[in-house]
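Just input_16.tsv here, TSV, C-alpha atoms and all ligand atoms:
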```tsv
chain	number	residue	atom	x	y	z
A	5	MET	CA	-38.96	26.68	-73.09
A	6	PRO	CA	-40.63	28.52	-75.99
A	7	THR	CA	-42.70	31.41	-74.72
A	8	ASN	CA	-45.35	33.40	-76.49
A	9	TYR	CA	-44.79	37.03	-75.68
A	10	GLN	CA	-48.35	38.11	-76.02
A	11	PHE	CA	-50.03	41.19	-74.61
A	12	GLN	CA	-53.48	42.60	-75.40
A	13	SER	CA	-53.83	40.08	-78.26
A	14	LEU	CA	-50.63	41.13	-79.97
A	15	LEU	CA	-47.61	38.87	-80.26
A	16	TYR	CA	-44.10	40.26	-79.63
A	17	ARG	CA	-40.80	38.96	-80.89
A	18	THR	CA	-38.94	39.37	-77.59
A	19	ARG	CA	-39.74	39.86	-73.93
A	20	THR	CA	-38.16	43.33	-74.10
A	21	ASP	CA	-40.51	44.37	-76.92
A	22	MET	CA	-43.50	43.08	-74.96
A	23	LEU	CA	-42.47	44.87	-71.73
A	24	ARG	CA	-42.04	48.00	-73.75
A	25	ALA	CA	-45.59	47.63	-75.11
A	26	ILE	CA	-47.03	47.14	-71.61
A	27	ALA	CA	-45.18	50.21	-70.33
A	28	GLU	CA	-46.32	52.29	-73.28
A	29	ALA	CA	-49.94	51.12	-73.06
A	30	TRP	CA	-50.09	51.92	-69.33
A	31	ILE	CA	-48.50	55.34	-69.53
A	32	THR	CA	-50.36	56.53	-72.65
A	33	GLY	CA	-53.69	54.98	-71.66
A	34	GLY	CA	-54.05	53.91	-75.31
A	35	GLU	CA	-53.33	57.34	-76.81
A	36	ASP	CA	-50.73	57.85	-79.54
A	37	ILE	CA	-47.39	58.19	-77.74
A	38	ALA	CA	-46.35	61.02	-80.06
A	39	THR	CA	-49.10	63.19	-78.56
A	40	VAL	CA	-48.49	62.25	-74.92
A	41	ASP	CA	-46.19	64.12	-72.53
A	42	VAL	CA	-44.58	61.05	-70.99
A	43	ALA	CA	-42.35	63.08	-68.67
A	44	ALA	CA	-45.33	64.94	-67.18
A	45	ARG	CA	-47.44	61.80	-66.73
A	46	CYS	CA	-44.67	60.07	-64.82
A	47	ALA	CA	-43.47	63.10	-62.88
A	48	ASP	CA	-44.91	62.20	-59.48
A	49	GLN	CA	-44.05	58.51	-59.33
A	50	SER	CA	-41.00	56.31	-59.36
A	51	ASN	CA	-40.61	53.56	-61.96
A	52	ASP	CA	-41.30	50.97	-59.26
A	53	GLU	CA	-44.50	52.70	-58.19
A	54	ILE	CA	-45.76	52.94	-61.74
A	55	ALA	CA	-44.97	49.26	-62.38
A	56	ALA	CA	-46.72	48.17	-59.18
A	57	GLU	CA	-49.81	50.21	-60.05
A	58	CYS	CA	-49.94	48.77	-63.57
A	59	ILE	CA	-49.56	45.18	-62.33
A	60	ARG	CA	-52.32	45.69	-59.76
A	61	ALA	CA	-54.75	47.41	-62.13
A	62	TRP	CA	-54.30	44.89	-64.93
A	63	ALA	CA	-53.99	41.89	-62.59
A	64	LEU	CA	-50.82	40.82	-64.37
A	65	ASP	CA	-49.76	38.76	-61.36
A	66	GLU	CA	-53.10	36.96	-60.92
A	67	PRO	CA	-53.77	33.54	-62.45
A	68	THR	CA	-57.19	32.98	-64.04
A	69	LEU	CA	-59.25	29.78	-63.85
A	70	ASP	CA	-57.52	28.15	-66.79
A	71	GLU	CA	-54.25	30.09	-67.17
A	72	PRO	CA	-51.26	31.06	-65.01
A	73	ALA	CA	-50.64	34.75	-64.34
A	74	HIS	CA	-49.38	36.85	-67.27
A	75	MET	CA	-46.13	37.59	-65.40
A	76	GLU	CA	-45.55	33.88	-64.99
A	77	GLN	CA	-46.48	32.97	-68.55
A	78	CYS	CA	-44.17	35.60	-70.00
A	79	ASP	CA	-41.49	35.27	-67.36
A	80	TYR	CA	-41.03	38.81	-66.02
A	81	SER	CA	-40.88	40.53	-62.65
A	82	ALA	CA	-42.08	43.90	-61.36
A	83	GLU	CA	-38.45	45.10	-61.65
A	84	ASP	CA	-38.36	44.14	-65.33
A	85	LEU	CA	-41.46	46.20	-65.98
A	86	ALA	CA	-40.08	49.11	-63.93
A	87	GLU	CA	-36.95	49.01	-66.08
A	88	ALA	CA	-38.98	49.17	-69.27
A	89	ILE	CA	-40.88	52.14	-67.84
A	90	GLY	CA	-37.59	53.82	-66.96
A	91	GLU	CA	-36.29	53.36	-70.48
A	92	LEU	CA	-39.45	54.76	-71.99
A	93	ARG	CA	-39.27	57.70	-69.66
A	94	ALA	CA	-35.64	58.39	-70.49
A	95	GLU	CA	-36.36	58.34	-74.22
A	96	HIS	CA	-39.34	60.63	-73.94
A	97	ALA	CA	-37.70	63.23	-71.80
A	98	ARG	CA	-38.27	66.78	-72.99
A	99	ALA	CA	-34.59	67.34	-73.43
A	100	PHE	CA	-31.33	65.46	-73.14
A	101	THR	CA	-27.95	66.18	-71.73
A	102	CYS	CA	-24.65	64.38	-71.22
A	103	TYR	CA	-23.47	63.49	-67.76
A	104	GLY	CA	-20.78	61.41	-66.08
A	105	PRO	CA	-20.14	61.29	-62.33
A	106	VAL	CA	-16.53	62.36	-62.81
A	107	ARG	CA	-16.58	64.33	-66.06
A	108	GLY	CA	-19.70	66.20	-64.99
A	109	GLN	CA	-22.40	67.58	-67.25
A	110	CYS	CA	-21.83	69.02	-70.74
A	111	GLY	CA	-24.00	71.99	-69.81
A	112	GLN	CA	-26.21	71.70	-72.89
A	113	ARG	CA	-29.83	70.79	-73.49
A	114	HIS	CA	-29.98	68.59	-76.55
A	115	ALA	CA	-33.26	68.24	-78.46
A	116	THR	CA	-32.78	64.54	-79.22
A	117	ILE	CA	-30.90	61.62	-77.72
A	118	GLU	CA	-28.92	61.40	-80.98
A	119	ASP	CA	-27.61	64.95	-80.48
A	120	ALA	CA	-26.51	63.96	-76.98
A	121	ARG	CA	-24.63	60.96	-78.37
A	122	VAL	CA	-22.81	63.17	-80.90
A	123	CYS	CA	-21.81	65.47	-78.02
A	124	ILE	CA	-20.52	62.48	-76.01
A	125	ARG	CA	-18.45	61.15	-78.91
A	126	ALA	CA	-16.82	64.56	-79.30
A	127	ASP	CA	-16.08	64.77	-75.56
A	128	HIS	CA	-14.66	61.27	-75.54
A	129	ALA	CA	-12.39	62.04	-78.51
A	130	GLY	CA	-11.17	65.20	-76.74
A	131	CYS	CA	-10.39	63.28	-73.55
A	132	ILE	CA	-8.53	60.53	-75.41
A	133	GLU	CA	-6.30	63.18	-76.98
A	134	GLN	CA	-5.23	64.18	-73.46
A	135	GLY	CA	-4.72	60.60	-72.36
A	136	GLY	CA	-8.04	60.14	-70.54
A	137	TYR	CA	-11.56	59.13	-71.37
A	138	SER	CA	-15.05	60.48	-70.82
A	139	ASP	CA	-17.55	58.75	-68.53
A	140	ARG	CA	-20.52	60.77	-69.81
A	141	VAL	CA	-23.70	59.00	-70.88
A	142	ALA	CA	-26.83	60.41	-72.50
A	143	CYS	CA	-29.47	61.34	-69.91
A	144	GLY	CA	-33.01	62.58	-70.22
A	145	ILE	CA	-34.00	65.69	-68.24
A	146	ASP	CA	-37.36	65.07	-66.59
A	147	ALA	CA	-40.11	67.56	-65.79
A	148	ASP	CA	-38.48	68.49	-62.46
A	149	GLY	CA	-34.97	68.87	-63.84
A	150	TYR	CA	-33.67	65.50	-62.65
A	151	LEU	CA	-31.37	63.58	-64.97
A	152	ILE	CA	-32.41	60.02	-65.81
A	153	ASP	CA	-30.03	57.56	-67.43
A	154	ALA	CA	-30.95	54.88	-69.98
A	155	ASN	CA	-31.85	52.44	-67.18
A	156	GLY	CA	-34.40	54.90	-65.84
A	157	ASP	CA	-32.28	55.64	-62.75
A	158	PHE	CA	-32.02	59.17	-61.41
A	159	VAL	CA	-28.39	60.16	-61.66
A	160	ARG	CA	-28.49	63.82	-60.72
A	161	GLY	CA	-30.77	66.31	-59.02
A	162	PRO	CA	-31.98	69.64	-60.49
A	163	ASP	CA	-29.16	72.18	-60.97
A	164	GLY	CA	-26.66	69.51	-60.05
A	165	ALA	CA	-27.91	69.40	-56.46
A	166	GLY	CA	-29.29	66.76	-54.24
A	167	ILE	CA	-27.39	63.67	-55.23
A	168	GLU	CA	-24.45	62.81	-53.04
A	169	ALA	CA	-22.64	60.88	-55.76
A	170	ASP	CA	-22.04	64.14	-57.63
A	171	LYS	CA	-19.48	65.36	-55.18
A	172	PRO	CA	-16.38	64.17	-57.00
A	173	ALA	CA	-17.62	65.93	-60.13
A	174	GLN	CA	-18.43	69.14	-58.29
A	175	ALA	CA	-15.07	69.13	-56.58
A	176	GLN	CA	-13.24	68.43	-59.82
A	177	ALA	CA	-11.91	71.96	-60.12
A	178	GLU	CA	-10.47	71.91	-56.61
A	179	HIS	CA	-9.14	68.38	-56.85
A	180	ALA	CA	-6.80	67.77	-53.94
A	181	PRO	CA	-3.49	69.42	-54.84
A	182	GLY	CA	-0.72	66.91	-55.35
A	183	ALA	CA	-3.20	64.03	-55.38
A	184	ALA	CA	-2.01	62.95	-58.80
A	185	ALA	CA	1.60	62.66	-57.60
A	186	ILE	CA	0.52	60.75	-54.51
A	187	LEU	CA	-1.63	58.36	-56.50
A	188	ALA	CA	1.37	57.78	-58.77
A	189	ALA	CA	3.56	57.09	-55.72
A	190	ILE	CA	1.04	54.55	-54.38
A	191	LEU	CA	1.06	52.86	-57.76
A	192	GLU	CA	4.86	52.74	-57.84
A	193	ARG	CA	4.84	51.18	-54.39
A	194	LEU	CA	2.26	48.57	-55.38
A	195	GLU	CA	4.17	47.49	-58.46
A	196	PRO	CA	7.71	48.79	-58.13
A	197	GLY	CA	9.78	48.87	-61.28
A	198	THR	CA	7.01	47.49	-63.46
A	199	LEU	CA	6.63	48.92	-66.95
A	200	PRO	CA	3.36	50.87	-67.15
A	201	SER	CA	2.14	48.57	-69.92
A	202	ARG	CA	2.62	45.50	-67.71
A	203	ARG	CA	0.89	46.94	-64.67
A	204	TYR	CA	-2.03	45.29	-63.01
A	205	ASN	CA	-3.03	48.59	-61.46
A	206	ARG	CA	-2.95	51.95	-63.12
A	207	LEU	CA	-3.73	55.62	-63.05
A	208	VAL	CA	-6.51	56.60	-65.38
A	209	ARG	CA	-7.71	60.05	-66.25
A	210	ILE	CA	-11.40	60.63	-66.39
A	211	GLY	CA	-11.62	64.05	-67.93
A	212	THR	CA	-9.05	66.00	-65.93
A	213	VAL	CA	-9.32	63.98	-62.73
A	214	GLU	CA	-6.64	61.44	-61.87
A	215	VAL	CA	-8.12	58.20	-60.61
A	216	LEU	CA	-6.26	55.27	-59.13
A	217	GLU	CA	-7.60	52.02	-60.53
A	218	LEU	CA	-6.84	48.76	-58.71
A	219	ARG	CA	-7.74	45.43	-60.28
A	220	ASP	CA	-9.30	42.84	-57.99
A	221	HIS	CA	-6.75	40.01	-58.10
A	222	ASN	CA	-9.08	37.65	-56.26
A	223	SER	CA	-11.92	37.80	-58.72
A	224	GLY	CA	-12.20	34.95	-61.21
A	225	SER	CA	-9.54	32.55	-62.41
A	226	ASP	CA	-8.50	34.31	-65.63
A	227	PRO	CA	-5.12	36.01	-64.94
A	228	ASP	CA	-5.79	38.71	-67.56
A	229	PRO	CA	-6.18	42.06	-65.72
A	230	ASP	CA	-8.89	43.01	-68.22
A	231	SER	CA	-11.05	40.20	-66.79
A	232	LYS	CA	-11.00	41.68	-63.26
A	233	PRO	CA	-13.40	44.20	-61.72
A	234	ARG	CA	-11.83	47.64	-61.26
A	235	HIS	CA	-11.80	49.50	-57.94
A	236	GLN	CA	-11.40	53.21	-58.60
A	237	PHE	CA	-10.35	55.77	-56.00
A	238	THR	CA	-10.18	59.52	-56.03
A	239	ALA	CA	-10.10	62.28	-53.43
A	240	THR	CA	-11.61	65.70	-52.87
A	241	THR	CA	-10.14	68.60	-50.94
A	242	ASP	CA	-12.56	68.19	-48.04
A	243	GLY	CA	-10.62	65.03	-47.23
A	244	THR	CA	-13.14	62.53	-48.53
A	245	ILE	CA	-11.92	59.50	-50.42
A	246	TRP	CA	-14.35	58.25	-53.04
A	247	CYS	CA	-14.60	54.77	-54.46
A	248	ARG	CA	-16.60	52.95	-57.05
A	249	VAL	CA	-16.33	49.46	-58.50
A	250	LEU	CA	-16.55	49.06	-62.26
A	251	PRO	CA	-16.93	45.78	-64.15
A	252	PRO	CA	-13.95	44.36	-66.07
A	253	VAL	CA	-12.71	46.56	-68.93
A	254	THR	CA	-14.26	44.27	-71.52
A	255	PHE	CA	-17.75	45.03	-70.12
A	256	GLY	CA	-17.41	48.81	-70.21
A	257	ASP	CA	-18.28	51.17	-67.34
A	258	SER	CA	-21.75	49.81	-66.53
A	259	TRP	CA	-22.91	46.67	-64.75
A	260	ALA	CA	-25.59	44.72	-66.61
A	261	ASP	CA	-28.00	44.74	-63.65
A	262	THR	CA	-27.32	47.95	-61.76
A	263	GLY	CA	-25.97	50.27	-64.46
A	264	ALA	CA	-23.14	52.78	-64.03
A	265	PRO	CA	-21.91	52.69	-60.43
A	266	ARG	CA	-21.95	55.92	-58.47
A	267	TRP	CA	-19.05	57.30	-56.50
A	268	GLU	CA	-19.52	56.57	-52.82
A	269	PRO	CA	-17.58	58.10	-49.94
A	270	VAL	CA	-15.32	55.43	-48.49
A	271	ALA	CA	-16.36	54.65	-44.92
A	272	TYR	CA	-13.93	51.85	-44.29
A	273	LEU	CA	-10.34	51.93	-45.46
A	274	ASP	CA	-7.92	49.09	-45.54
A	275	GLY	CA	-4.49	48.24	-46.87
A	276	ILE	CA	-2.60	50.67	-48.99
A	277	ILE	CA	-5.52	53.04	-49.43
A	278	ALA	CA	-5.78	53.46	-45.65
A	279	GLU	CA	-2.10	54.25	-45.54
A	280	ALA	CA	-2.43	56.71	-48.38
A	281	ALA	CA	-5.65	58.33	-47.21
A	282	PRO	CA	-4.01	61.10	-45.16
A	283	LEU	CA	-1.77	61.94	-48.09
A	284	LEU	CA	-4.65	62.44	-50.40
A	285	GLN	CA	-5.95	65.08	-48.06
A	286	ARG	CA	-3.06	67.24	-46.88
A	287	ALA	CA	0.61	67.19	-46.08
A	288	PRO	CA	1.01	65.98	-42.49
A	289	LEU	CA	4.07	66.12	-40.28
A	290	LEU	CA	5.87	62.80	-40.15
A	291	ARG	CA	6.92	61.43	-36.74
A	292	MET	CA	9.15	58.53	-35.80
A	293	ARG	CA	8.69	57.01	-32.35
A	294	ARG	CA	9.67	53.85	-30.54
A	295	GLN	CA	7.38	51.04	-31.46
A	296	ALA	CA	5.36	49.75	-28.52
A	297	MET	CA	4.80	45.99	-28.70
A	298	GLN	CA	2.82	43.70	-26.44
A	299	ASP	CA	3.70	40.38	-24.85
A	300	GLY	CA	1.22	37.55	-24.30
A	301	GLN	CA	-0.15	39.22	-21.14
A	302	GLY	CA	-0.80	42.52	-22.89
A	303	CYS	CA	2.18	44.28	-21.22
A	304	GLU	CA	3.99	46.81	-23.40
A	305	PHE	CA	7.68	46.62	-24.19
A	306	TYR	CA	10.10	48.17	-26.67
A	307	ARG	CA	12.88	46.63	-28.73
A	308	VAL	CA	16.03	48.67	-28.17
A	309	GLN	CA	19.35	47.69	-29.77
A	310	GLY	CA	17.88	44.32	-30.63
A	311	GLU	CA	16.77	43.56	-27.02
A	312	ASP	CA	13.26	43.60	-25.60
A	313	MET	CA	12.95	46.17	-22.80
A	314	ASP	CA	10.31	47.17	-20.30
A	315	VAL	CA	8.59	50.45	-20.92
A	316	GLY	CA	10.23	51.83	-17.77
A	317	ASP	CA	13.73	51.07	-18.99
A	318	ALA	CA	13.42	52.63	-22.41
A	319	ALA	CA	13.19	56.38	-22.72
A	320	ARG	CA	10.49	57.08	-25.22
A	321	VAL	CA	11.86	58.50	-28.43
A	322	GLU	CA	9.92	60.81	-30.66
A	323	LEU	CA	11.53	62.48	-33.62
A	324	ALA	CA	9.92	64.82	-36.12
A	325	CYS	CA	10.99	64.05	-39.65
A	326	GLY	CA	9.46	67.08	-41.29
A	327	PRO	CA	6.38	67.62	-43.41
A	328	VAL	CA	5.42	65.05	-45.99
A	329	THR	CA	5.44	66.50	-49.47
A	330	GLY	CA	5.45	63.37	-51.61
A	331	ALA	CA	4.69	59.91	-50.36
A	332	TRP	CA	5.58	59.40	-46.70
A	333	TRP	CA	7.69	56.29	-47.26
A	334	GLU	CA	9.94	58.47	-49.41
A	335	VAL	CA	10.72	61.04	-46.70
A	336	PRO	CA	14.34	60.60	-45.42
A	337	LEU	CA	14.35	59.46	-41.79
A	338	PRO	CA	16.71	60.70	-39.10
A	339	PRO	CA	19.48	58.29	-38.00
A	340	CYS	CA	18.78	55.78	-35.21
A	341	PRO	CA	18.91	57.56	-31.82
A	342	ASP	CA	20.44	54.42	-30.23
A	343	CYS	CA	23.42	53.81	-32.55
A	344	GLY	CA	23.34	56.34	-35.37
A	345	GLY	CA	22.60	53.61	-37.95
A	346	ALA	CA	20.25	53.90	-40.89
A	347	VAL	CA	16.56	53.27	-40.24
A	348	ALA	CA	14.82	51.32	-43.01
A	349	TRP	CA	11.42	49.96	-44.07
A	350	ALA	CA	10.54	46.76	-42.15
A	351	GLU	CA	6.83	46.19	-42.58
A	352	ALA	CA	7.13	42.58	-43.74
A	353	GLY	CA	5.87	40.56	-40.77
A	354	PHE	CA	5.30	43.72	-38.70
A	355	VAL	CA	2.50	46.24	-38.52
A	356	PRO	CA	2.34	48.95	-41.22
A	357	GLY	CA	4.62	51.87	-40.45
A	358	THR	CA	7.35	49.72	-38.84
A	359	ARG	CA	10.95	50.82	-39.40
A	360	GLU	CA	14.03	48.99	-38.13
A	361	CYS	CA	17.55	50.21	-37.46
A	362	GLN	CA	19.95	48.36	-39.76
A	363	GLY	CA	22.75	48.81	-37.22
A	364	CYS	CA	21.32	47.73	-33.85
A	365	GLY	CA	17.82	46.37	-34.46
A	366	SER	CA	15.83	49.04	-32.58
A	367	LEU	CA	12.25	49.19	-33.79
A	368	PHE	CA	10.34	52.36	-34.58
A	369	THR	CA	6.99	53.35	-35.94
A	370	VAL	CA	6.68	56.11	-38.51
A	371	LEU	CA	3.33	57.84	-38.64
A	372	PRO	CA	1.94	60.94	-40.31
A	373	ASP	CA	0.79	63.38	-37.62
A	374	HIS	CA	-2.07	65.62	-38.67
A	375	GLU	CA	-2.18	67.60	-35.41
A	376	GLY	CA	1.34	68.80	-36.03
A	377	LYS	CA	0.71	70.05	-39.53
A	378	ALA	CA	1.86	73.58	-40.21
B	1	ZN	ZN	-23.93	67.13	-74.40
B	2	ZN	ZN	20.42	51.63	-34.08
```
Encoded form (C-alpha cells):
Amino acid sequence: MPTNYQFQSLLYRTRTDMLRAIAEAWITGGEDIATVDVAARCADQSNDEIAAECIRAWALDEPTLDEPAHMEQCDYSAEDLAEAIGELRAEHARAFTCYGPVRGQCGQRHATIEDARVCIRADHAGCIEQGGYSDRVACGIDADGYLIDANGDFVRGPDGAGIEADKPAQAQAEHAPGAAAILAAILERLEPGTLPSRRYNRLVRIGTVEVLELRDHNSGSDPDPDSKPRHQFTATTDGTIWCRVLPPVTFGDSWADTGAPRWEPVAYLDGIIAEAAPLLQRAPLLRMRRQAMQDGQGCEFYRVQGEDMDVGDAARVELACGPVTGAWWEVPLPPCPDCGGAVAWAEAGFVPGTRECQGCGSLFTVLPDHEGKA
C-alpha cells in the first residue's frame, strides 16, 4: 500500500523521516533546533509521556469528517513516535559518553556523538587484541546525568547509580575469583573433547570479564550456531548470577525492537547453570551421602550393594570429600563404604548428583555443602 508520509503540508520520503519531523516540531515548538536545548525541554518527561502529549494536543489519533486519523493514514503508533523522540533526545544530549553493561563507561565526556564512536572503535580494537570485545555503545548524557542510548532508553543513572543492570559492570574488578576456570569447566562438561572452533557454546570475554555463552539449540531450524540466540551468564562476588539473552551473532548485540538487553539477576536456575551456581560463588565442601529414593507410596529406601533396603536397615553414610577448588565433578571421591569399589558419575536416568559404586551398585548423592565451608 503506497502511503504519503505527510505532516504539516510537507511530504517525507520515509515514515522514519516523518516521525522525526513530528518529534522535532513538537519539542522545538517551531523554533530552529540549533537554538533549542532539547535535553532541558525533555528533562521532566519520559519519551512515552511526550509522545502521548503530542498526540493528544495535535489530535493525531482522531479522524476528521472526511479523513482517517493521521496515525492511521501514516501507519504509526505512540511507541513509534516515542522512539523518534528518544532518538532526537539522544542526539541532542549536551555531551556523549561510551557505555556497555559489562565493559562499563569510558569515563569521558565527548562533545559529539562522532567523538564517542571513535572512542568505541579504539576500545573495541583494544579488547580484540586481548581476545575479547567491547559492548560499549554511544550514549547521550541528559540534563540530570542519566545516560540515554540511541533508542532513547535510559541505560544508566547519574554517577553510575540507580540502575540495577549496572551491577555486573560495577563488580567487574572483584569478579568472582576462579569464576573463569569454573566457567571453562562447565563448558568442557557440556561439550567434552570438542575443539573450541567446533563448539556450540563458548566462553567470551567482554572487556576483562569472562562470560559463558550458551546457544539456544531449540530456536529455529538452521543448525548453524550463529543463527541461534545467545544466553550469556556471569557472576559477581556477592553470589549473584547474571543473565542476558542476545540475538544471534549475525544480528549483533541488540534486538531490533528492544535494543541492547540488560543484565538481569537470575531468579530461577535450571540445568547445568543451577549445578554450577554454587561454584561461581565460593568453594563449598563436597559431601557424599547415601541416596534416598522413594517407592510408589512415598516411603524412602536406599540401594545398598545393589539391593533396595529400608531406611531402618541401612546406616546412613555421609563422607566429606574435601573443599571444591575446581569443578565439583572433578573432585576425587572416597571409595565405596560398602565394598571399597570406585564410585563414578551416574546421572544418566537418575537425579543430578547421583554417583554409583562400580563394584557393588550402592547409590550415593554428591552435593556441595555451603554450611560446611571453611
Ligand atoms: Zn568514550
Ligand atoms: Zn560398593
**Message:** How would you report the residues lying within 10 Å of ligand ZN 1 (chain B), as number ranges by chain, if you count all atoms listed in the file?
**Reply:** A: 100-103, 109-114, 117, 119-127, 140-143
Sort by chain and increasing residue number a table of all residues of chain A within 9 Å of ligand ZN 2 (chain B), each with its closest pair of atoms and their distance in Å to one decimal, counting only C-alpha atoms and all ligand atoms, and write it as JSON lines.
```
{"residue": "A:Val308", "atom": "CA", "partner": "B:ZN2", "partner_atom": "ZN", "distance": 7.9}
{"residue": "A:Gln309", "atom": "CA", "partner": "B:ZN2", "partner_atom": "ZN", "distance": 5.9}
{"residue": "A:Gly310", "atom": "CA", "partner": "B:ZN2", "partner_atom": "ZN", "distance": 8.5}
{"residue": "A:Pro339", "atom": "CA", "partner": "B:ZN2", "partner_atom": "ZN", "distance": 7.8}
{"residue": "A:Cys340", "atom": "CA", "partner": "B:ZN2", "partner_atom": "ZN", "distance": 4.6}
{"residue": "A:Pro341", "atom": "CA", "partner": "B:ZN2", "partner_atom": "ZN", "distance": 6.5}
{"residue": "A:Asp342", "atom": "CA", "partner": "B:ZN2", "partner_atom": "ZN", "distance": 4.8}
{"residue": "A:Cys343", "atom": "CA", "partner": "B:ZN2", "partner_atom": "ZN", "distance": 4.0}
{"residue": "A:Gly344", "atom": "CA", "partner": "B:ZN2", "partner_atom": "ZN", "distance": 5.7}
{"residue": "A:Gly345", "atom": "CA", "partner": "B:ZN2", "partner_atom": "ZN", "distance": 4.9}
{"residue": "A:Ala346", "atom": "CA", "partner": "B:ZN2", "partner_atom": "ZN", "distance": 7.2}
{"residue": "A:Val347", "atom": "CA", "partner": "B:ZN2", "partner_atom": "ZN", "distance": 7.5}
{"residue": "A:Glu360", "atom": "CA", "partner": "B:ZN2", "partner_atom": "ZN", "distance": 8.0}
{"residue": "A:Cys361", "atom": "CA", "partner": "B:ZN2", "partner_atom": "ZN", "distance": 4.7}
{"residue": "A:Gln362", "atom": "CA", "partner": "B:ZN2", "partner_atom": "ZN", "distance": 6.6}
{"residue": "A:Gly363", "atom": "CA", "partner": "B:ZN2", "partner_atom": "ZN", "distance": 4.8}
{"residue": "A:Cys364", "atom": "CA", "partner": "B:ZN2", "partner_atom": "ZN", "distance": 4.0}
{"residue": "A:Gly365", "atom": "CA", "partner": "B:ZN2", "partner_atom": "ZN", "distance": 5.9}
{"residue": "A:Ser366", "atom": "CA", "partner": "B:ZN2", "partner_atom": "ZN", "distance": 5.5}
{"residue": "A:Leu367", "atom": "CA", "partner": "B:ZN2", "partner_atom": "ZN", "distance": 8.5}
```
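Using only C-alpha atoms, the protein and nucleic acid residues lying no more than 9 Å from Ala318 in chain A, apart from those fewer than 2 places from it along its own chain, are Phe305, Tyr306, Arg307, Val308, Met313, Asp314, Val315, Gly316, Arg320 and Val321 of chain A.
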Can you build me a table of range 73-158 of chain A residues sitting at most 9 Å from range 46-59 of chain A, with the closest atom pair per residue and its distance in Å to one decimal, using all atoms listed in the file, sorted by chain and residue number, as CSV?
```
residue,atom,partner,partner_atom,distance
A:Met75,CA,A:Ile59,CA,8.9
A:Ala82,CA,A:Ala55,CA,6.2
A:Glu83,CA,A:Asp52,CA,6.9
A:Asp84,CA,A:Ala55,CA,8.9
A:Leu85,CA,A:Ala55,CA,5.9
A:Ala86,CA,A:Asn51,CA,4.9
A:Glu87,CA,A:Asn51,CA,7.1
A:Ala88,CA,A:Asn51,CA,8.7
A:Ile89,CA,A:Asn51,CA,6.1
A:Gly90,CA,A:Asn51,CA,5.8
A:Arg93,CA,A:Cys46,CA,7.6
A:Asp146,CA,A:Ala47,CA,7.4
A:Ala147,CA,A:Ala47,CA,6.3
A:Asp148,CA,A:Ala47,CA,7.4
A:Gly156,CA,A:Asn51,CA,7.4
A:Asp157,CA,A:Asn51,CA,8.6
```
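Atom pair CA of Ala73 in chain A / CA of Glu28 in chain A has a distance of 20.2 Å (rounded to one decimal).
Counting only C-alpha atoms and comparing A:Arg294, A:Gly211, A:Arg98, A:Leu250, the residue that lies closest to Leu151 in chain A is A:Arg98.
As for CA of Tyr204 in chain A and CA of Thr238 in chain A, they are spaced 17.8 Å apart.
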**Message:** One number please: CA of Ile26 in chain A to CA of Ala44 in chain A, in Å, one decimal.
**Reply:** 18.4 Å
**Asked** So, counting only C-alpha atoms, which residue among A:Ser81, A:Glu91, A:Lys232, A:Arg107 is closest to Ala25 in chain A?
**Response** A:Glu91
Return as AutoDock Vina command-line options the centre and edge lengths, in Å with one decimal, of the box along x, y and z that encloses every atom of range 190-197 of chain A in the file, padded by 3 Å per side.
```
--center_x 5.4 --center_y 51.0 --center_z -57.8 --size_x 14.7 --size_y 13.1 --size_z 12.9
```
**Asked** Which residue out of A:Phe11, A:Thr20, A:Thr369, A:Gly197 has the minimum interatomic distance to Leu64 in chain A when all atoms listed in the file are used?
**Response** A:Phe11
